[in-house]
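I have placed the structure first, in the form of structure tokens, so that the comments after it can refer back to it.
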Amino acid sequence: MFDRKLNMDSIFHEKQEGSLCAQHCLNNLLQGEYFTPVDLSSIAHQLDEEERMRMAEGGMASEEYRTFLQQPSVNMDDSGFFSIQVISNALRVWGLELILFNSPEYRRLMINPINEKAFICNYKEHWFTIRKLGQQWFNLNSLLTGPELISDTYLALFLAQLQQEGYSIFVIRGNLPECEAEQILGIMRVHQHQRPRLIGEDEAQTSVGTSTSQSQTDIGFGVEDEDEELKKALALSRQDMEVEDEEADVRRAIQLSMQGAVMSNRSSECEVVGVKTSGSADDGQKEGLGEKLTAEELRKRRQAYFDRQQQQAQPNIPQQPDTHPTGGSGSANTGSEEDQQQKSSQ
């Protein structure tokens, strides 16, 4: 049985160097180091010469021709960018053809994307390849740290997403050259548990680790700055939380006070019969304004009610005799009657 990690390692994947994404796109598509910057530059110069000759047909002394000579090449630049014409001519060497994915001609074919062999995508001078190896699709973007596995279900969604983001997508037609990854992945499928990151993210983590080992002092200053910013952010966050907590406490206190007022009114209705009917007009007006009272007024009213209840309950409390501390009022009365009978018998 093949090792799945070795299966992924068998995929050729050129990572980004400078602005040579067109070179990486072609080599990742063909699964090998087939093109160099010199090769693509030669194709670009050839295209420039062909365009110059066509412009010269209108007269080398014409204004259009002189303007053309003064303009930079549209097929390449000093950064390493190459045009779609360069890529198209490079693929013709291998008998491959580019077809615009969203063109009316291709749409009429109504071909499911999973039945294609590869795609080339371009957006803002960046090129990358999506290719099928074996029975699985892979995103071979040179900006990634490694190949990214794409399921058949996600492929159509991924292409649609790229189109919405402004990418131009081209379908590769023709027979791609044989490669090791095609043979291995044709026997056994692979599973990818961790997707690759962008090279920028990976380099950022690497640079942090390198700078840590080189200079603890510089990192210390950076940490202090980050700590200061973090403290400021936390302080602002605490202020917002305190304001929110205070507002929540006020709302909670008012709610509890209103609940207490309602409970006290219900208790007074149950224990003091006829208060509402026999009350004065002023009491009725106060009850009608209960909802408009503040939390402090509600608390005072509730406290006054409890005071009245306590005063009413005090006269009804029986005075227990000094003797028979554990007995009730019934036992105390029984004991006094027995003492009187004993005195009369004597």
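Just so we're on the same page: first chain in the structure tokens is A, next is B, and so on; residues restart at 1 for each chain, and ligands are numbered from 1 in the order they show up.
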
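Contact shell of Glu182 of chain A at 12 Å (only C-alpha atoms; same-chain neighbours under 6 positions omitted): Asn7, Met8, Ser10, Ile11, Phe12, Leu29, Leu30, Gln31, Lys117, Arg131, Lys132, Leu133, Gly134, Gln135, Gln136, Trp137, Phe138, Leu176, Met188 and Arg189 of chain A.
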
Exercise. Can you list, as an MDAnalysis selection string, every protein, DNA or RNA residue that comes within 10 Å of Gly32 of chain A when you count only C-alpha atoms, leaving out same-chain residues fewer than 5 positions away?
Worked result: chainID A and resid 11:14 24 26:27 177 179:180

Take the residues that were just selected and, keeping N, CA, C and O atoms, output them as a compact mmCIF listing (two decimals), in the first residue's frame.
```
# COMPACT_ATOMS: atom_id res chain seq x y z
N ILE A 11 3.35 15.08 -6.12
CA ILE A 11 2.80 16.17 -6.94
C ILE A 11 3.84 17.26 -7.06
O ILE A 11 4.38 17.76 -6.06
N PHE A 12 4.13 17.65 -8.29
CA PHE A 12 5.08 18.73 -8.53
C PHE A 12 4.40 20.07 -8.24
O PHE A 12 3.31 20.36 -8.74
N HIS A 13 5.05 20.87 -7.41
CA HIS A 13 4.45 22.16 -7.01
C HIS A 13 5.55 23.20 -6.85
O HIS A 13 6.32 23.17 -5.90
N GLU A 14 5.62 24.12 -7.81
CA GLU A 14 6.57 25.22 -7.73
C GLU A 14 5.96 26.34 -6.89
O GLU A 14 4.82 26.75 -7.12
N HIS A 24 5.47 29.41 -12.94
CA HIS A 24 5.00 28.42 -11.97
C HIS A 24 3.69 27.79 -12.42
O HIS A 24 3.48 26.58 -12.24
N LEU A 26 2.63 27.29 -15.52
CA LEU A 26 2.88 26.33 -16.60
C LEU A 26 3.54 25.06 -16.09
O LEU A 26 3.15 23.94 -16.45
N ASN A 27 4.55 25.20 -15.25
CA ASN A 27 5.26 24.02 -14.75
C ASN A 27 4.38 23.18 -13.84
O ASN A 27 4.46 21.94 -13.85
N PRO A 177 1.26 15.94 -20.70
CA PRO A 177 2.34 14.94 -20.62
C PRO A 177 2.18 14.05 -19.39
O PRO A 177 1.64 14.47 -18.37
N CYS A 179 3.02 12.02 -16.02
CA CYS A 179 3.80 12.42 -14.85
C CYS A 179 3.66 11.35 -13.77
O CYS A 179 2.74 10.51 -13.80
N GLU A 180 4.56 11.39 -12.80
CA GLU A 180 4.56 10.41 -11.72
C GLU A 180 3.31 10.52 -10.85
O GLU A 180 2.73 9.51 -10.45
```

For this session: From a DSSP pass on the backbone, collect the residues of segment 68-234 of chain A flagged as helix (DSSP H, G or I) and hand them back as an NGL selection string.
Result: :A and (68-70 or 84-92 or 104-109 or 113-115 or 152-164 or 180-185 or 199-214 or 216-234)

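The space between atom CA of Gln85 of chain A and atom CA of Leu47 of chain A spans 8.0 Å.
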
Exercise. So which one's closest to Phe82 of chain A, A:Pro37, A:Gly200, A:Pro113, A:Gly59? Using only C-alpha atoms, please.
Worked result: A:Pro37

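Using only C-alpha atoms, the nearest neighbour of Ser42 of chain A within the list A:Ser62, A:Asn75, A:Asn139, A:Ser168 is A:Asn75.
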
Problem set entry | Test item: residues at most 12 Å from Leu144 of chain A, only C-alpha atoms, excluding those fewer than 5 positions along its chain, as a ChimeraX atom specification | /A:13-17,21,24,128-129,138-139,149,195-203

Seminar exercise, completed: Residue with the minimum atom-to-atom distance to Glu178 of chain A, picked from A:Tyr154, A:Trp94, A:Tyr106, A:Phe81 with only C-alpha atoms counted, is A:Trp94

For this session: Go through segment 105-174 of chain A and collect every residue that DSSP, computed from the backbone, puts in strand (DSSP E); the answer should be as number ranges by chain.
Result: A: 118-123, 126-133, 136-139, 148-150, 168-173

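Take the candidates A:Gln311, A:Gln164, A:Ser151, A:Ser73 and check each one against Glu50 of chain A using only C-alpha atoms; the shortest distance goes to A:Ser73.
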